[in-house]
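Visitor: A single structure is presented below for examination.
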Amino acid sequence: MFDDVNPMIWMLTAATLLPLGGFVVLILLGKRMGRALAGWFGTAVIGTSAVLALLVAKRWMGLGEHAAVADLIIPWLQLKENLVLSVGVHVDGLTVAMTVMVTIVATMIHLFSVGYMWDDVRFSRFFAFLNLFCFSMLGLIVGNTLITMFVFWELVGLCSYLLIGFYFEKKSASNAAIKAFVVNRIGDFGFILGIAGAFFWLAREASAGSHGVINLTISQMNHIGSGLLAAPGGAPLWLTAIGLLLFCGAVGKSAQFPLHVWLPDAMEGPTPVSALIHAATMVAAGVYMVGRIFDLLTPQALLVIAAIGLITLTMAALIAITQFDIKRVLAYSTLSQLGYMVMGIGLGGYVAGLFHLITHAFFKSLLFLGSGAVIHACHHEQDMRKMGGLFRAIPITAITFIIATFAISGLPFVTSGFYSKDMILGNAWDYASGARTVHSTHAESAGEHGGEATAAETPTAEHGGEAGEGETAAFHAPALNRQTIGAGRAWAWMFFWIPLVIAYVTAFYMFRAVMLTFFTRPRDEHVFHHAKEHGVPWKMKIPLIVLAAGAIVVGFPQLKFVGWIESTRPAEAWGLQISHAAHGFLFVWAGIAFAVGGGLAVLIYRNGFGLATKIRRLPGVEPIYQVVYNKFYVDELYNHVLLKLTMAACQVSYFWDKWVIDGLVNVVGTTVRSVAEFSGMFDRHVIDGSANGLAAVTQGAGRLVRVPQTGRIRNYVLFMVLTVLLAVGVFLTVRMVQNGMLG
Amino acid sequence: MLLTSIIFLPTVGAILVLLMPTRAAVRWMALLFAAATFGISLMLFPAFIGTGAFGASYGEGIRHIVRADWIQSFKIEYYLGVDGLSFPLVILTTFISLLSCLAAFNVTKATKGFFSLFLLLETGMLGVFLSLDFFLFYIFWEVMLLPMYFLIGVWGGPRKEYAAIKFFLYTLAGSVLMLIVLLAFYFIGRDVMARPFDLIEMAANAKFQAAIGGKWILGMKFMPMAFAFLFIGFAIKLPAVPFHTWLPDAHVEAPTPISMILAGVLLKMGGYGLMRVSYPILREAAVSRVFITLLAVIGIVSIVYGAAVAMAQTDFKKLVAYSSVSHMGWVTLGLAVTPISFVAGGGSIAGFNGAMFQMVAHGLSSAMMFFLVGVIYDRAHHRDLNRFGGLALAMPVYFGLAAVGFFAGMGLPGTAGFIGEILVLFGTFDYSVWYAGIAAIGMILTAGYILWTIQRVFLGPARPDNAKFAPMTPREVIVLIPMGVFAIALGIYPKLATMFFQGTLENICALFR
């Protein structure tokens, strides 16, 4: 089997390393290459990676969907005699799905950037950084140990820093870059400790009875973890601790509450960067990581994860309603969608969460690129208050943007977002209702839920053996031990109802953005005319069209994404099956969410801000509006309390260092000197005075000593060298004497 | 013979430099000798390649031994040798010396004296790393002290006298403590050992170990006292909080190449001393709960506190100096926790490996950072972080190289700094989760002050006073690139460094069994 899989490892490695080569070439020669060459070179590099990824995908499909995972392990750092931190590459269904998604989206965004960044003075550097990012992101995906993941995790953070701060002349941009990096480091603080914990403590479990070298890959870790979870006494407490510490990393990278504050500010970066890094790929890395460590997560850890996701998706969606900057609306929308993914995985919906990651990547990068095209056309105007009526000016952009809006709002059947979000909500329903019996409606769900990878073909889904046989045959669903906390309890319904309501809100804020941007009367003549005259160049249109197609089709099971993810599903996670009750319910309510949320937005904003302003004037609305508009004052809390406290602590430390520690040193020094001076005086006036007779002798000796002290450094040095030589000479002489060489 | 020539070749250079007629000749002669020393030190490599290079035990791993009686009445020897502990530091010394010699090409004041002292300093440093006789070690320790005193005191900045005296007295205080222990070792050892100054023999000789273990002096147990004295002596050099305040002053006043040497090599002598003298010989004290806790806490405080104080700086060079305090804290922490968990936990070597790696990594990144500060100081003639800004536009090449240096200093994965920190962190985790947790806070603060520094110096709009800054000269680029290349190479493939010292570190840990 390994022989079959091996070439895929090399192909993926090549796909990963190519953009690194692109980075090196562009950073060294970029300026000399000229704009056109640099841009197309960067695009071609990642395009080649995309081709390689697709070839791997084709090969993988040839092996059948459940081919064994292939690993390449390279020992990296030895920690103990039998414990080695390793780096390496692996291939499984999830890797394939992620690499295909990342390389395709990245290629489109490179192409878009050739048009979008054309006027920028640091054009080639932009492509160099984009290539570096692609390398880091692909490394993160193909890495097969947590430490490999961490290395690339930090590198994508570096690229994010470099690209957020790309317009570094602006203070706000460099501030946002620093904020992104440091907030992520706070998450990584937990992540690295979690890695250490996972490594040492799981190795302890693994080494019992084995004597070989242990270099825990992620799959080995999961294997040990699932063993611990299945133990009769329940999982040990430290496993919960590991899970939560690792999740800290995801909280930072995927911008979950309370570390979500960096992502909206990250919009300071150029818009293609927002699309690639801060919507489609890097921010989803946290979700990907949580998926990868699923079998290390205890029920307690899962509940915390779900709760964090729930808070994030709710808060962010509410803020999104109030924003006027088109990119900020999308940023908060991204936060909210990431919250859905995190909550989905936290509720055990491994497939649903990761599937939403893939579909979201397409439609959200499309939304961002669309906003980029709008901003480009509107002469760098991002404020929706100055837009309006742009449909007439840039129709292709408008149509693709609307398609993406349909996808994120979950227009039933024809958009990818519908399938993935539906699956998350379905899992939430089944969790909340405590449904243990799943109605196997496989023929139905194959069409509607992307259930191509049927349970019957799924060796890992060992509980669904008879699913494919009878359309209505009821069977006992997996007894999900991991979902014990809260399942079937009244409070667990909040994990269903709140996200469902937020689905309405999602449709609302997205249609609001669509209305304010593309419809209604133009509110700024200059902006409108600029858009009308300049339009959108073809280099930017093609990516929009390709991604719009993606936003529709990636949810379809024929494209295998969901099957690839399903093939890596841990046995204890929710799969594709959704209970019949949830299924019927969702079908209706999701459709209504789309219609009601979207319709309401169209209704309110059909004439611009008029009606919305009136609503704000209703009694009691304004204070709530202010709280939401100001993002619940979380930033203020951090800036005015946490940051100030930290800086104060640093100042106090310095004060302490300067005045207390060093002060003490100086006091000691001064005291010693005073004593010396006093004794010197004593020496001169008392002892010297009584020994006048010796004065002449002293003077003579003094003169002798003073001879070398001519005040010239050269002579000091010569003196020192001579001393050393003397020492060496003495040594040699003594030796020779001892050896009898001088007689 | 090889080791003798490595040590004394710079001394020969120091003399020849004085005879040179012109300033240019002085520089090139000094560079020639620095390069020759580096070249010869590379000849040590073959001894450490291949299996069994480090010997079956600590004592058997010494290579290129030179032994001769020196002062026979006290059984003092001229005893040199190199093993995995000293080898990387010797290479680091000759490497950094070569680069800082090139960095010193813009020194114009009393050039002869400068380069002569510089080469003498190199002799002192190499002698410390290569001596295996405690007395000889002590002599070289002192030899290193004087040139450094003059180099800071004569070629330094406005407060050079204060800084030089402070450096001198601090180090001297440490030396005195070391001298006390040295004498005590001698008086205990002369009855049970043929060579009472032999650092290797002291660690291996069971009789000597029994003697120092059972010795009481002035009503106090000798071993912990000796350990404490030596630790203070070496901690001053490291420097570990609270013995660190000489460092910011010395760095701020020292000329750029001397700062490079100071941070790149001199600080490592503290860590080396602990690993060569304290740990192998005073094992019982080293694994006592009191000292593990004390050293670990000092290490952690250095990491976090050093980073916090660095954050509060407005002087560019002082900031880098405090970052050294923070980075060297990892060395102390790594040393503190390793022997006990090595014995108890299946050969846990990460902490020692990390401490050693961190010394090499910090040697590269801090020398790089100090040189980067020097580059901009030469142009702006000030170091006030609040008066910089926009340099990325004015000097793009400088920005690129600085980014490598500063991210290496931050410990970003892919650079050497990451490996050192991660190894120590993992080693610490194996001993105590809480220690590891607190130490990791330092990683957040480090990211904070490094990025804030980059912002204040390089980012922001172009400033008119920057526009007239000359671009980087080829000489400056040549100084930076080798360090940058190694900082990245070691970060990607750490085995490049660990393969040359891990064997010896394991042998040292094995002494604790």
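In the structure tokens, each chain is lettered A, B, ... as it comes, each chain's residues begin at 1, and ligands are numbered from 1 in order of appearance.
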Using only C-alpha atoms, find which residues of chain B lie within 8 Å of chain A and jot them down as a PyMOL selection string.
Guide: chain B and resi 11+14-15+18+68-71+110+112-113+116-117+120+242+245+305+308-313+342+346-350+390+412-414+423+426-427+429-430+436-437+440-441+443-444+447-448+451-452+455+459-462+493-495
Visitor: Could you pull out the alpha helix (DSSP H) residues of region 39-108 of chain B, going by DSSP on the backbone, and write them as a VMD selection string?
Guide: chain B and resid 39 to 42 87 to 103
Visitor: Record the distance separating CA of Gly212 (chain A) and CA of Leu72 (chain A), expressed in Å with one decimal.
Guide: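 Between CA of Gly212 (chain A) and CA of Leu72 (chain A) the gap is 17.4 Å.
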Visitor: If we count only C-alpha atoms, what is near region 486-489 of chain B at a cut-off of 8 Å, once residues fewer than 4 positions away on the same chain are taken out, given as a ChimeraX atom specification?
Guide: /B:361,364-365,408,414-417,482,493-494
Visitor: Taking 2 positions as the minimum chain separation for residues in the same chain, which residues sit within 9 Å of region 186-203 of chain B when counting only C-alpha atoms? Answer as a PyMOL selection string.
Guide: chain B and resi 58-59+74-77+79+131-136+181-184+205-209+211-212+215+276-277+279-283+511
Visitor: Deliver the residues from the most recent selection as a file, using C-alpha atoms, as a tab-separated table (two decimals), in the first residue's frame.
Guide:
```
chain	number	residue	atom	x	y	z
B	58	TYR	CA	32.31	12.02	29.86
B	59	GLY	CA	36.02	11.54	30.43
B	74	PHE	CA	50.79	22.81	42.92
B	75	LYS	CA	50.19	20.12	40.31
B	76	ILE	CA	48.85	22.74	37.93
B	77	GLU	CA	48.86	21.62	34.35
B	79	TYR	CA	45.81	20.88	30.03
B	131	SER	CA	41.16	24.61	29.28
B	132	LEU	CA	40.44	21.51	31.26
B	133	ASP	CA	42.63	22.46	34.18
B	134	PHE	CA	40.61	24.56	36.58
B	135	PHE	CA	43.52	26.86	37.34
B	136	LEU	CA	44.28	27.42	33.68
B	181	VAL	CA	35.85	27.27	45.21
B	182	LEU	CA	38.97	26.57	43.17
B	183	LEU	CA	41.13	26.73	46.27
B	184	ALA	CA	38.70	24.59	48.24
B	205	ASN	CA	37.00	10.45	40.67
B	206	ALA	CA	34.88	8.65	43.24
B	207	LYS	CA	37.19	9.48	46.13
B	208	PHE	CA	37.09	13.15	45.35
B	209	GLN	CA	33.36	13.05	44.97
B	211	ALA	CA	35.38	13.92	49.86
B	212	ILE	CA	33.48	16.99	48.65
B	215	LYS	CA	32.97	17.99	53.63
B	276	ARG	CA	31.76	22.23	32.61
B	277	VAL	CA	32.38	22.90	36.29
B	279	TYR	CA	27.07	20.31	36.92
B	280	PRO	CA	29.55	17.48	36.37
B	281	ILE	CA	31.43	18.04	39.62
B	282	LEU	CA	28.83	19.24	42.10
B	283	ARG	CA	26.18	16.78	41.03
B	511	LEU	CA	27.19	11.06	35.45
```
Visitor: To one decimal place, how far is CA of Phe406 (chain B) from CA of Val156 (chain A) in Å?
Guide: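 Distance reported for this atom pair: 17.3 Å.
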